[in-house]
$ cat work.cif   # mmCIF, C-alpha atoms and all ligand atoms
data_entry
loop_
_atom_site.label_atom_id
_atom_site.label_comp_id
_atom_site.auth_asym_id
_atom_site.auth_seq_id
_atom_site.Cartn_x
_atom_site.Cartn_y
_atom_site.Cartn_z
CA MET A 1 20.05 2.78 -30.75
CA THR A 2 21.13 2.97 -27.12
CA ASN A 3 19.58 5.52 -24.82
CA THR A 4 22.28 8.12 -24.21
CA ARG A 5 20.10 10.70 -22.51
CA ILE A 6 21.88 12.48 -19.66
CA PRO A 7 19.77 12.13 -16.48
CA LEU A 8 18.46 15.38 -15.04
CA ALA A 9 17.16 16.03 -11.52
CA GLY A 10 16.66 19.06 -9.32
CA VAL A 11 14.87 20.68 -6.42
CA ILE A 12 11.54 22.47 -6.71
CA GLY A 13 10.72 25.15 -4.15
CA HIS A 14 9.37 28.67 -3.94
CA PRO A 15 11.75 30.36 -3.27
CA VAL A 16 14.59 27.92 -3.86
CA ALA A 17 17.74 30.07 -3.99
CA HIS A 18 18.69 29.16 -0.38
CA SER A 19 18.67 25.41 -1.06
CA LYS A 20 21.90 23.53 -0.42
CA SER A 21 20.75 20.57 -2.51
CA PRO A 22 22.24 21.70 -5.88
CA ARG A 23 25.70 22.00 -4.28
CA LEU A 24 25.29 18.67 -2.52
CA HIS A 25 24.14 16.68 -5.56
CA GLY A 26 26.63 18.53 -7.77
CA HIS A 27 29.41 17.38 -5.42
CA TRP A 28 28.27 13.75 -5.65
CA LEU A 29 27.88 13.87 -9.45
CA LYS A 30 31.47 15.10 -9.70
CA THR A 31 32.81 12.67 -7.08
CA TYR A 32 31.32 9.64 -8.84
CA GLY A 33 32.02 10.92 -12.36
CA ILE A 34 28.36 10.73 -13.35
CA ALA A 35 27.17 12.57 -16.45
CA GLY A 36 24.06 14.17 -14.98
CA HIS A 37 22.78 17.54 -13.78
CA TYR A 38 20.89 18.76 -10.71
CA VAL A 39 19.28 22.21 -10.87
CA PRO A 40 17.24 24.52 -8.61
CA MET A 41 13.74 25.31 -9.94
CA ASP A 42 11.60 28.10 -8.53
CA VAL A 43 8.02 27.05 -9.27
CA ALA A 44 4.90 28.91 -8.08
CA PRO A 45 2.21 26.72 -6.45
CA GLN A 46 -0.27 27.17 -9.33
CA ASP A 47 2.30 25.83 -11.82
CA LEU A 48 3.43 22.83 -9.78
CA GLU A 49 1.36 20.12 -11.46
CA THR A 50 2.07 21.34 -15.02
CA VAL A 51 5.79 21.46 -14.30
CA LEU A 52 5.83 18.00 -12.70
CA ARG A 53 3.98 16.47 -15.66
CA THR A 54 6.31 18.18 -18.15
CA LEU A 55 9.74 17.55 -16.61
CA PRO A 56 9.89 13.82 -17.47
CA LYS A 57 9.42 14.74 -21.14
CA ALA A 58 12.55 16.90 -20.91
CA GLY A 59 14.74 14.13 -19.52
CA PHE A 60 14.16 14.56 -15.79
CA VAL A 61 14.29 11.35 -13.77
CA GLY A 62 12.99 12.91 -10.57
CA VAL A 63 13.13 15.87 -8.21
CA ASN A 64 13.37 16.87 -4.60
CA VAL A 65 10.50 18.97 -3.33
CA THR A 66 10.83 21.59 -0.65
CA VAL A 67 8.79 24.36 1.00
CA PRO A 68 5.95 25.11 0.19
CA HIS A 69 5.25 22.11 -2.08
CA LYS A 70 5.86 19.09 0.16
CA GLU A 71 2.17 18.56 1.01
CA ALA A 72 0.78 19.63 -2.38
CA VAL A 73 2.72 16.97 -4.29
CA MET A 74 0.82 14.29 -2.39
CA ALA A 75 -2.31 15.12 -4.42
CA ILE A 76 -0.37 14.99 -7.70
CA ALA A 77 1.68 11.80 -7.21
CA ASP A 78 0.39 8.51 -8.64
CA GLN A 79 2.10 6.31 -6.05
CA ILE A 80 2.99 7.22 -2.47
CA THR A 81 5.14 5.25 -0.03
CA ASP A 82 3.69 4.32 3.38
CA ARG A 83 6.12 6.57 5.20
CA ALA A 84 5.18 9.58 3.06
CA THR A 85 1.49 8.84 3.68
CA LEU A 86 2.11 8.68 7.43
CA ILE A 87 3.98 11.98 7.39
CA GLY A 88 1.50 13.62 4.99
CA ALA A 89 4.27 15.10 2.85
CA ALA A 90 6.87 14.06 0.28
CA ASN A 91 10.37 15.38 -0.43
CA THR A 92 11.58 12.97 -3.12
CA LEU A 93 9.83 12.22 -6.43
CA ILE A 94 10.81 9.58 -8.96
CA PHE A 95 9.52 9.92 -12.52
CA ARG A 96 8.96 6.36 -13.69
CA GLU A 97 9.37 5.30 -17.28
CA ASP A 98 5.65 4.57 -17.55
CA GLY A 99 4.94 8.23 -16.77
CA LYS A 100 3.84 7.68 -13.17
CA ILE A 101 5.11 9.92 -10.38
CA HIS A 102 6.30 8.04 -7.31
CA ALA A 103 6.48 10.06 -4.04
CA ASP A 104 8.57 9.26 -0.98
CA ASN A 105 9.57 11.04 2.21
CA THR A 106 13.19 10.50 3.24
CA ASP A 107 13.32 13.08 6.07
CA GLY A 108 12.79 10.48 8.81
CA TYR A 109 15.41 8.24 7.23
CA GLY A 110 17.83 11.20 7.05
CA PHE A 111 17.15 12.09 10.67
CA MET A 112 17.80 8.55 11.87
CA GLU A 113 20.95 8.02 9.78
CA ASN A 114 22.34 11.31 11.10
CA LEU A 115 21.50 10.36 14.68
CA HIS A 116 23.13 6.93 14.37
CA SER A 117 26.26 8.31 12.77
CA GLY A 118 26.63 11.22 15.25
CA ALA A 119 25.65 9.21 18.35
CA PRO A 120 26.52 5.57 17.60
CA ASP A 121 25.83 4.52 21.22
CA TRP A 122 22.30 5.92 21.26
CA ASP A 123 19.83 3.17 22.00
CA ALA A 124 16.26 3.84 20.85
CA LYS A 125 14.82 1.58 23.52
CA ALA A 126 16.78 3.17 26.40
CA GLY A 127 14.05 5.62 27.36
CA PRO A 128 11.80 8.54 26.42
CA ALA A 129 12.54 11.23 23.85
CA LEU A 130 11.52 14.87 24.11
CA VAL A 131 10.55 16.37 20.75
CA LEU A 132 10.11 20.13 20.54
CA GLY A 133 7.90 21.37 17.70
CA ALA A 134 4.94 19.89 15.87
CA GLY A 135 5.35 20.99 12.24
CA GLY A 136 6.18 18.95 9.15
CA ALA A 137 9.71 18.09 10.29
CA SER A 138 8.39 16.90 13.64
CA ARG A 139 6.03 14.43 11.95
CA ALA A 140 8.98 12.86 10.11
CA VAL A 141 11.07 12.70 13.30
CA ILE A 142 8.25 11.20 15.38
CA SER A 143 7.42 8.51 12.84
CA ALA A 144 11.13 7.57 12.59
CA LEU A 145 11.55 7.45 16.38
CA LEU A 146 8.46 5.30 16.87
CA GLU A 147 9.61 2.94 14.14
CA ALA A 148 13.04 2.71 15.79
CA GLY A 149 11.38 1.57 19.01
CA VAL A 150 11.51 4.63 21.28
CA PRO A 151 9.14 3.66 24.11
CA GLU A 152 7.63 7.10 24.73
CA ILE A 153 7.78 10.55 23.17
CA PHE A 154 7.10 13.76 25.07
CA LEU A 155 5.91 16.23 22.46
CA SER A 156 5.77 19.92 23.17
CA ASN A 157 4.77 22.74 20.86
CA ARG A 158 3.94 26.42 21.28
CA THR A 159 0.58 25.81 19.61
CA ARG A 160 -0.76 22.88 21.59
CA VAL A 161 -3.47 21.80 19.13
CA ARG A 162 -0.83 20.90 16.55
CA ALA A 163 0.84 18.59 19.07
CA ASP A 164 -2.57 17.11 20.00
CA LYS A 165 -3.16 16.35 16.31
CA LEU A 166 0.14 14.47 16.10
CA ARG A 167 -0.75 12.47 19.21
CA ASP A 168 -4.09 11.57 17.56
CA ASP A 169 -2.25 10.49 14.39
CA PHE A 170 0.62 8.60 16.01
CA GLY A 171 -1.02 7.13 19.10
CA LYS A 172 -0.50 6.84 22.81
CA ARG A 173 3.28 6.50 22.82
CA VAL A 174 3.17 10.24 22.14
CA GLN A 175 2.40 12.31 25.21
CA VAL A 176 1.71 16.03 24.80
CA ILE A 177 3.37 18.41 27.25
CA ASP A 178 2.39 22.08 27.53
CA TRP A 179 5.02 24.37 25.94
CA VAL A 180 5.63 26.13 29.25
CA GLN A 181 6.08 22.79 31.01
CA ALA A 182 8.55 21.28 28.51
CA GLY A 183 11.54 22.01 30.77
CA ASN A 184 10.04 19.75 33.47
CA VAL A 185 10.42 16.57 31.39
CA VAL A 186 13.98 17.27 30.21
CA GLU A 187 15.38 15.25 33.15
CA ASP A 188 13.43 12.17 32.00
CA ALA A 189 14.57 12.37 28.38
CA ASP A 190 17.31 10.18 26.90
CA LEU A 191 17.02 12.07 23.64
CA VAL A 192 16.09 15.72 23.03
CA VAL A 193 15.24 16.89 19.50
CA ASN A 194 14.56 20.47 18.43
CA THR A 195 12.39 20.48 15.31
CA THR A 196 11.31 24.11 15.68
CA SER A 197 12.95 26.94 13.78
CA LEU A 198 14.02 28.55 17.07
CA GLY A 199 17.78 29.11 17.32
CA MET A 200 18.17 29.54 13.56
CA VAL A 201 20.07 32.60 12.34
CA GLY A 202 17.63 35.52 12.39
CA ASN A 203 15.11 33.78 14.68
CA SER A 204 14.62 33.95 18.45
CA GLU A 205 16.45 31.50 20.71
CA LEU A 206 14.84 28.36 22.07
CA ARG A 207 14.02 29.18 25.68
CA VAL A 208 12.92 25.82 27.04
CA PRO A 209 15.00 25.39 30.24
CA MET A 210 17.59 22.63 29.76
CA ASP A 211 18.94 22.54 33.36
CA GLY A 212 17.64 19.00 33.83
CA LEU A 213 19.66 17.46 30.97
CA LYS A 214 21.23 14.12 31.89
CA PRO A 215 24.88 13.80 30.78
CA SER A 216 23.93 10.44 29.24
CA ALA A 217 21.29 12.08 27.01
CA VAL A 218 21.75 12.69 23.29
CA VAL A 219 20.69 16.13 22.03
CA THR A 220 20.12 16.96 18.38
CA ASP A 221 18.92 20.07 16.58
CA LEU A 222 17.37 20.15 13.11
CA VAL A 223 18.57 23.75 12.80
CA TYR A 224 21.96 23.76 11.03
CA ALA A 225 22.55 27.50 10.63
CA PRO A 226 24.41 28.01 12.91
CA LEU A 227 25.84 24.49 13.04
CA LYS A 228 26.27 24.78 16.80
CA THR A 229 23.04 26.19 18.15
CA LYS A 230 22.66 27.44 21.73
CA LEU A 231 20.83 24.20 22.49
CA LEU A 232 23.80 22.12 21.34
CA LEU A 233 26.28 24.32 23.24
CA THR A 234 24.22 23.99 26.42
CA ALA A 235 24.02 20.24 25.93
CA GLU A 236 27.78 19.99 25.40
CA GLU A 237 28.35 21.85 28.66
CA ALA A 238 26.05 19.37 30.39
CA GLY A 239 28.22 16.52 29.09
CA CYS A 240 25.67 15.24 26.55
CA THR A 241 26.45 13.77 23.14
CA THR A 242 25.30 16.29 20.52
CA VAL A 243 24.42 15.87 16.85
CA ASP A 244 24.06 18.87 14.54
CA GLY A 245 21.35 19.17 11.91
CA LEU A 246 23.43 19.34 8.73
CA GLY A 247 23.78 15.56 8.52
CA MET A 248 20.01 15.09 8.28
CA LEU A 249 19.96 17.27 5.17
CA LEU A 250 22.81 15.25 3.66
CA HIS A 251 21.42 11.82 4.51
CA GLN A 252 17.86 12.57 3.34
CA ALA A 253 19.34 13.23 -0.11
CA VAL A 254 20.95 9.77 -0.44
CA PRO A 255 17.92 7.68 -1.55
CA GLY A 256 16.95 10.17 -4.28
CA PHE A 257 20.47 10.41 -5.70
CA GLU A 258 20.74 6.62 -5.77
CA ARG A 259 17.42 6.17 -7.58
CA TRP A 260 18.07 8.92 -10.14
CA PHE A 261 21.76 8.44 -10.88
CA GLY A 262 22.37 4.78 -10.00
CA GLU A 263 25.04 5.22 -7.35
CA ARG A 264 24.54 5.21 -3.58
CA PRO A 265 26.54 8.24 -2.36
CA VAL A 266 28.51 8.22 0.87
CA VAL A 267 28.02 11.03 3.39
CA ASP A 268 31.49 12.00 4.59
CA SER A 269 33.44 15.10 5.61
CA ALA A 270 33.91 16.12 1.95
CA THR A 271 30.10 16.00 1.54
CA ARG A 272 29.66 18.26 4.58
CA ALA A 273 32.26 20.68 3.26
CA ALA A 274 30.58 20.78 -0.16
CA ALA A 275 27.17 21.56 1.36
CA LEU A 276 28.65 24.32 3.52
CA ARG A 277 30.58 25.96 0.68
P1 LIG B 1 8.79 22.50 9.52
O1 LIG B 1 8.25 21.86 8.28
O2 LIG B 1 10.24 22.91 9.42
O3 LIG B 1 8.52 21.69 10.74
P2 LIG B 1 6.63 24.27 10.27
O4 LIG B 1 5.61 23.24 9.90
O5 LIG B 1 6.38 25.70 9.86
O6 LIG B 1 8.04 23.92 9.65
O7 LIG B 1 6.87 24.19 11.85
C1 LIG B 1 7.67 25.12 12.53
C2 LIG B 1 7.77 24.72 14.01
O8 LIG B 1 8.53 25.71 14.70
C3 LIG B 1 6.42 24.64 14.70
O9 LIG B 1 6.48 23.66 15.72
C4 LIG B 1 6.30 26.04 15.30
O10 LIG B 1 5.43 26.15 16.40
P3 LIG B 1 3.87 26.52 16.16
O11 LIG B 1 3.20 25.27 15.70
O12 LIG B 1 3.39 27.01 17.46
O13 LIG B 1 3.87 27.61 15.09
C5 LIG B 1 7.73 26.26 15.75
N1 LIG B 1 8.02 27.68 15.95
C6 LIG B 1 8.29 28.60 15.01
N2 LIG B 1 8.49 29.82 15.59
C7 LIG B 1 8.32 29.65 16.93
C8 LIG B 1 8.41 30.51 18.07
N3 LIG B 1 8.70 31.83 17.94
N4 LIG B 1 8.18 29.98 19.29
C9 LIG B 1 7.89 28.67 19.44
N5 LIG B 1 7.80 27.81 18.40
C10 LIG B 1 8.02 28.27 17.16
#
$ encode --input "work.cif" --output "structure tokens"
Amino acid sequence: MTNTRIPLAGVIGHPVAHSKSPRLHGHWLKTYGIAGHYVPMDVAPQDLETVLRTLPKAGFVGVNVTVPHKEAVMAIADQITDRATLIGAANTLIFREDGKIHADNTDGYGFMENLHSGAPDWDAKAGPALVLGAGGASRAVISALLEAGVPEIFLSNRTRVRADKLRDDFGKRVQVIDWVQAGNVVEDADLVVNTTSLGMVGNSELRVPMDGLKPSAVVTDLVYAPLKTKLLLTAEEAGCTTVDGLGMLLHQAVPGFERWFGERPVVDSATRAAALR
């Protein structure tokens, strides 16, 4: 008898209602005519392991993991990729046929793909990058930038000890700058990345002074609601190339979809429209 099980995947978070992933994967399933389903699952932290061990028995081939479970899944997974280990968190799980859970982190990949597609002329080796924020997203961005060959990263965070910890983990190419001094290194940066939640709908604005921005610099924001943050508007006025944060969300989803459903999806304008719907 052939195996005719319909592959199931989804996103596990708590809460999860805000997630754009079901719309995104649903769009790709429809576009490629794949018989599969992708569902949101609200799972409380104490139930995470039980749910992850049970899902494969119900036909699930894997899941995305979002806040607050990205670190916790590291202790549950049986196999972890090097990049997930380096970041200390996973966002993509593959349930293998032998019952093992394989954990990966595709955030850095998504960040880099988005940067390359939005700023094709950006050259990693051209000069320093300024990264604002030192949370989970920042770890993924820093590891991707270092791997791409960025010579130096100025890292600035409101809570300095978190930035110091990242410097300890990633090494001397990361230089910590006091939060109140961040504006002083803007003029030296060929790339500026906001990984904080500042500028997001409902949050305060990012107030790091951007007067020093070079017109040749590339500026990108991980915040995608609004799509054009104040930071990106300021950067546009300064003549910089800007890249919004929605593409990172779309690109980070590609490796999971390919592993679960067997087709490598293309990120295009229809994908963006589907995620924004
Ligand atoms: P994520 O996984 O998205 O990175 P996170 O780990 O909660 O989320 O990190 C949020 C980031 O936004 C941190 O760098 C945080 O700074 P602190 O480490 O000082 O908390 C930053 N952030 C959030 N609110 C902020 C604010 N009002 N001012 C400055 N930075 C802020």
$ closest_residue --input "work.cif" --among "A:Leu213, A:Val223, A:Val192, A:Ala144" --to "ligand LIG 1 (chain B)" --atoms "all atoms listed in the file"
A:Val223
$ closest_atom_pairs --input "work.cif" --of "segment 108-201 of chain A" --to "segment 245-255 of chain A" --cutoff "6 Å" --atoms "only C-alpha atoms" --output "CSV"
residue,atom,partner,partner_atom,distance
A:Gly110,CA,A:Gln252,CA,4.0
A:Phe111,CA,A:Met248,CA,4.8
A:Asn114,CA,A:Gly247,CA,5.2
$ closest_residue --input "work.cif" --among "A:Leu198, A:Leu146, A:Ala235, A:Ile12" --to "Leu86 of chain A" --atoms "all atoms listed in the file"
A:Leu146
$ residues_around --input "work.cif" --residues "segment 127-140 of chain A" --least-positions-apart "4" --cutoff "8 Å" --atoms "all atoms listed in the file" --output "list in words"
Ile87, Ala89, Asp107, Gly108, Ala144, Val150, Pro151, Glu152, Ile153, Phe154, Leu155, Ser156, Asn157, Arg158, Arg162, Ala163, Leu166, Val185, Val186, Asp188, Ala189, Asp190, Leu191, Val192, Val193, Asn194, Thr195 and Thr196 of chain A
$ closest_residue --input "work.cif" --among "A:Asp78, A:Glu205, A:Asp244, A:Glu263" --to "ligand LIG 1 (chain B)" --atoms "all atoms listed in the file"
A:Glu205
$ atom_distance --input "work.cif" --atom1 "atom CA of Val218 of chain A" --atom2 "atom CA of Gly202 of chain A"
25.6 Å
$ atom_distance --input "work.cif" --atom1 "atom CA of Gly88 of chain A" --atom2 "atom CA of Val180 of chain A"
27.6 Å
$ residues_around --input "work.cif" --residues "segment 35-45 of chain A" --least-positions-apart "4" --cutoff "8 Å" --atoms "only C-alpha atoms" --output "PyMOL selection string"
chain A and resi 6-17+19+22+25-26+29+51+68-69+261
$ axis_aligned_box --input "work.cif" --around "ligand LIG 1 (chain B)" --padding-each-side "6 Å" --output "AutoDock Vina command-line options"
--center_x 6.7 --center_y 26.8 --center_z 13.9 --size_x 19.0 --size_y 22.1 --size_z 23.2
$ residues_around --input "work.cif" --residues "Glu236 of chain A" --least-positions-apart "5" --cutoff "9 Å" --atoms "only C-alpha atoms" --output "ChimeraX atom specification"
/A:215,219,231,241-242
$ atom_distance --input "work.cif" --atom1 "atom CA of Thr229 of chain A" --atom2 "atom CA of Ala182 of chain A"
18.5 Å
$ residues_around --input "work.cif" --residues "Ala273 of chain A" --least-positions-apart "4" --cutoff "10 Å" --atoms "all atoms listed in the file" --output "list in words"
Leu24, His27, Asp268, Ser269 and Arg277 of chain A
$ closest_residue --input "work.cif" --among "A:Thr271, A:Ser216, A:Thr66, A:Asn184" --to "ligand LIG 1 (chain B)" --atoms "all atoms listed in the file"
A:Thr66
$ residues_around --input "work.cif" --residues "Pro56 of chain A" --least-positions-apart "2" --cutoff "10 Å" --atoms "only C-alpha atoms" --output "list in words"
Leu8, Ala9, Val51, Leu52, Arg53, Thr54, Ala58, Gly59, Phe60, Val61, Gly62, Ile94, Phe95, Arg96, Glu97, Gly99, Lys100 and Ile101 of chain A
$ write_last_selection --input "work.cif" --atoms "C-alpha atoms" --output "short mmCIF file (atom, residue, chain, number, x, y, z; two decimals), keeping the file's coordinate frame"
data_model
loop_
_atom_site.label_atom_id
_atom_site.label_comp_id
_atom_site.auth_asym_id
_atom_site.auth_seq_id
_atom_site.Cartn_x
_atom_site.Cartn_y
_atom_site.Cartn_z
CA LEU A 8 18.46 15.38 -15.04
CA ALA A 9 17.16 16.03 -11.52
CA VAL A 51 5.79 21.46 -14.30
CA LEU A 52 5.83 18.00 -12.70
CA ARG A 53 3.98 16.47 -15.66
CA THR A 54 6.31 18.18 -18.15
CA ALA A 58 12.55 16.90 -20.91
CA GLY A 59 14.74 14.13 -19.52
CA PHE A 60 14.16 14.56 -15.79
CA VAL A 61 14.29 11.35 -13.77
CA GLY A 62 12.99 12.91 -10.57
CA ILE A 94 10.81 9.58 -8.96
CA PHE A 95 9.52 9.92 -12.52
CA ARG A 96 8.96 6.36 -13.69
CA GLU A 97 9.37 5.30 -17.28
CA GLY A 99 4.94 8.23 -16.77
CA LYS A 100 3.84 7.68 -13.17
CA ILE A 101 5.11 9.92 -10.38
#
$ closest_residue --input "work.cif" --among "A:Asp47, A:Glu187, A:Glu113, A:Glu237" --to "Lys214 of chain A" --atoms "all atoms listed in the file"
A:Glu187
$ decode --input "work.cif" --residues "segment 101-117 of chain A" --atoms "N, CA, C and O atoms" --output "mmCIF file, in the first residue's frame"
data_model
loop_
_atom_site.group_PDB
_atom_site.id
_atom_site.type_symbol
_atom_site.label_atom_id
_atom_site.label_comp_id
_atom_site.auth_asym_id
_atom_site.auth_seq_id
_atom_site.Cartn_x
_atom_site.Cartn_y
_atom_site.Cartn_z
ATOM 1 N N ILE A 101 13.469 14.535 16.541
ATOM 2 C CA ILE A 101 13.118 15.927 16.230
ATOM 3 C C ILE A 101 14.399 16.690 15.891
ATOM 4 O O ILE A 101 15.344 16.737 16.684
ATOM 5 N N HIS A 102 14.407 17.266 14.681
ATOM 6 C CA HIS A 102 15.561 17.980 14.177
ATOM 7 C C HIS A 102 15.244 19.476 14.264
ATOM 8 O O HIS A 102 14.210 19.925 13.774
ATOM 9 N N ALA A 103 16.134 20.266 14.902
ATOM 10 C CA ALA A 103 15.865 21.695 15.104
ATOM 11 C C ALA A 103 16.839 22.562 14.320
ATOM 12 O O ALA A 103 18.049 22.328 14.329
ATOM 13 N N ASP A 104 16.299 23.582 13.670
ATOM 14 C CA ASP A 104 17.133 24.501 12.901
ATOM 15 C C ASP A 104 16.694 25.934 13.200
ATOM 16 O O ASP A 104 15.589 26.169 13.711
ATOM 17 N N ASN A 105 17.572 26.890 12.905
ATOM 18 C CA ASN A 105 17.186 28.291 13.012
ATOM 19 C C ASN A 105 17.418 28.959 11.661
ATOM 20 O O ASN A 105 18.557 29.038 11.205
ATOM 21 N N THR A 106 16.347 29.401 11.030
ATOM 22 C CA THR A 106 16.449 29.971 9.682
ATOM 23 C C THR A 106 16.301 31.500 9.692
ATOM 24 O O THR A 106 16.179 32.110 8.634
ATOM 25 N N ASP A 107 16.316 32.103 10.886
ATOM 26 C CA ASP A 107 16.146 33.565 10.964
ATOM 27 C C ASP A 107 17.307 34.310 10.298
ATOM 28 O O ASP A 107 17.107 35.299 9.603
ATOM 29 N N GLY A 108 18.529 33.849 10.557
ATOM 30 C CA GLY A 108 19.702 34.500 9.958
ATOM 31 C C GLY A 108 19.686 34.353 8.448
ATOM 32 O O GLY A 108 19.980 35.295 7.708
ATOM 33 N N TYR A 109 19.312 33.165 7.984
ATOM 34 C CA TYR A 109 19.179 32.912 6.546
ATOM 35 C C TYR A 109 18.125 33.861 5.948
ATOM 36 O O TYR A 109 18.354 34.496 4.906
ATOM 37 N N GLY A 110 16.980 33.975 6.630
ATOM 38 C CA GLY A 110 15.901 34.847 6.149
ATOM 39 C C GLY A 110 16.339 36.301 6.105
ATOM 40 O O GLY A 110 16.037 37.028 5.153
ATOM 41 N N PHE A 111 17.077 36.713 7.134
ATOM 42 C CA PHE A 111 17.588 38.085 7.180
ATOM 43 C C PHE A 111 18.501 38.351 5.984
ATOM 44 O O PHE A 111 18.365 39.364 5.285
ATOM 45 N N MET A 112 19.406 37.426 5.729
ATOM 46 C CA MET A 112 20.407 37.636 4.678
ATOM 47 C C MET A 112 19.771 37.582 3.285
ATOM 48 O O MET A 112 20.109 38.396 2.431
ATOM 49 N N GLU A 113 18.857 36.654 3.073
ATOM 50 C CA GLU A 113 18.172 36.582 1.774
ATOM 51 C C GLU A 113 17.401 37.877 1.510
ATOM 52 O O GLU A 113 17.380 38.393 0.390
ATOM 53 N N ASN A 114 16.741 38.378 2.539
ATOM 54 C CA ASN A 114 15.964 39.610 2.401
ATOM 55 C C ASN A 114 16.878 40.789 2.081
ATOM 56 O O ASN A 114 16.584 41.609 1.218
ATOM 57 N N LEU A 115 18.014 40.835 2.775
ATOM 58 C CA LEU A 115 18.980 41.922 2.558
ATOM 59 C C LEU A 115 19.514 41.871 1.126
ATOM 60 O O LEU A 115 19.562 42.884 0.426
ATOM 61 N N HIS A 116 19.897 40.679 0.678
ATOM 62 C CA HIS A 116 20.443 40.553 -0.682
ATOM 63 C C HIS A 116 19.386 40.899 -1.732
ATOM 64 O O HIS A 116 19.704 41.518 -2.738
ATOM 65 N N SER A 117 18.142 40.506 -1.489
ATOM 66 C CA SER A 117 17.151 40.780 -2.532
ATOM 67 C C SER A 117 16.732 42.251 -2.512
ATOM 68 O O SER A 117 16.477 42.831 -3.569
#
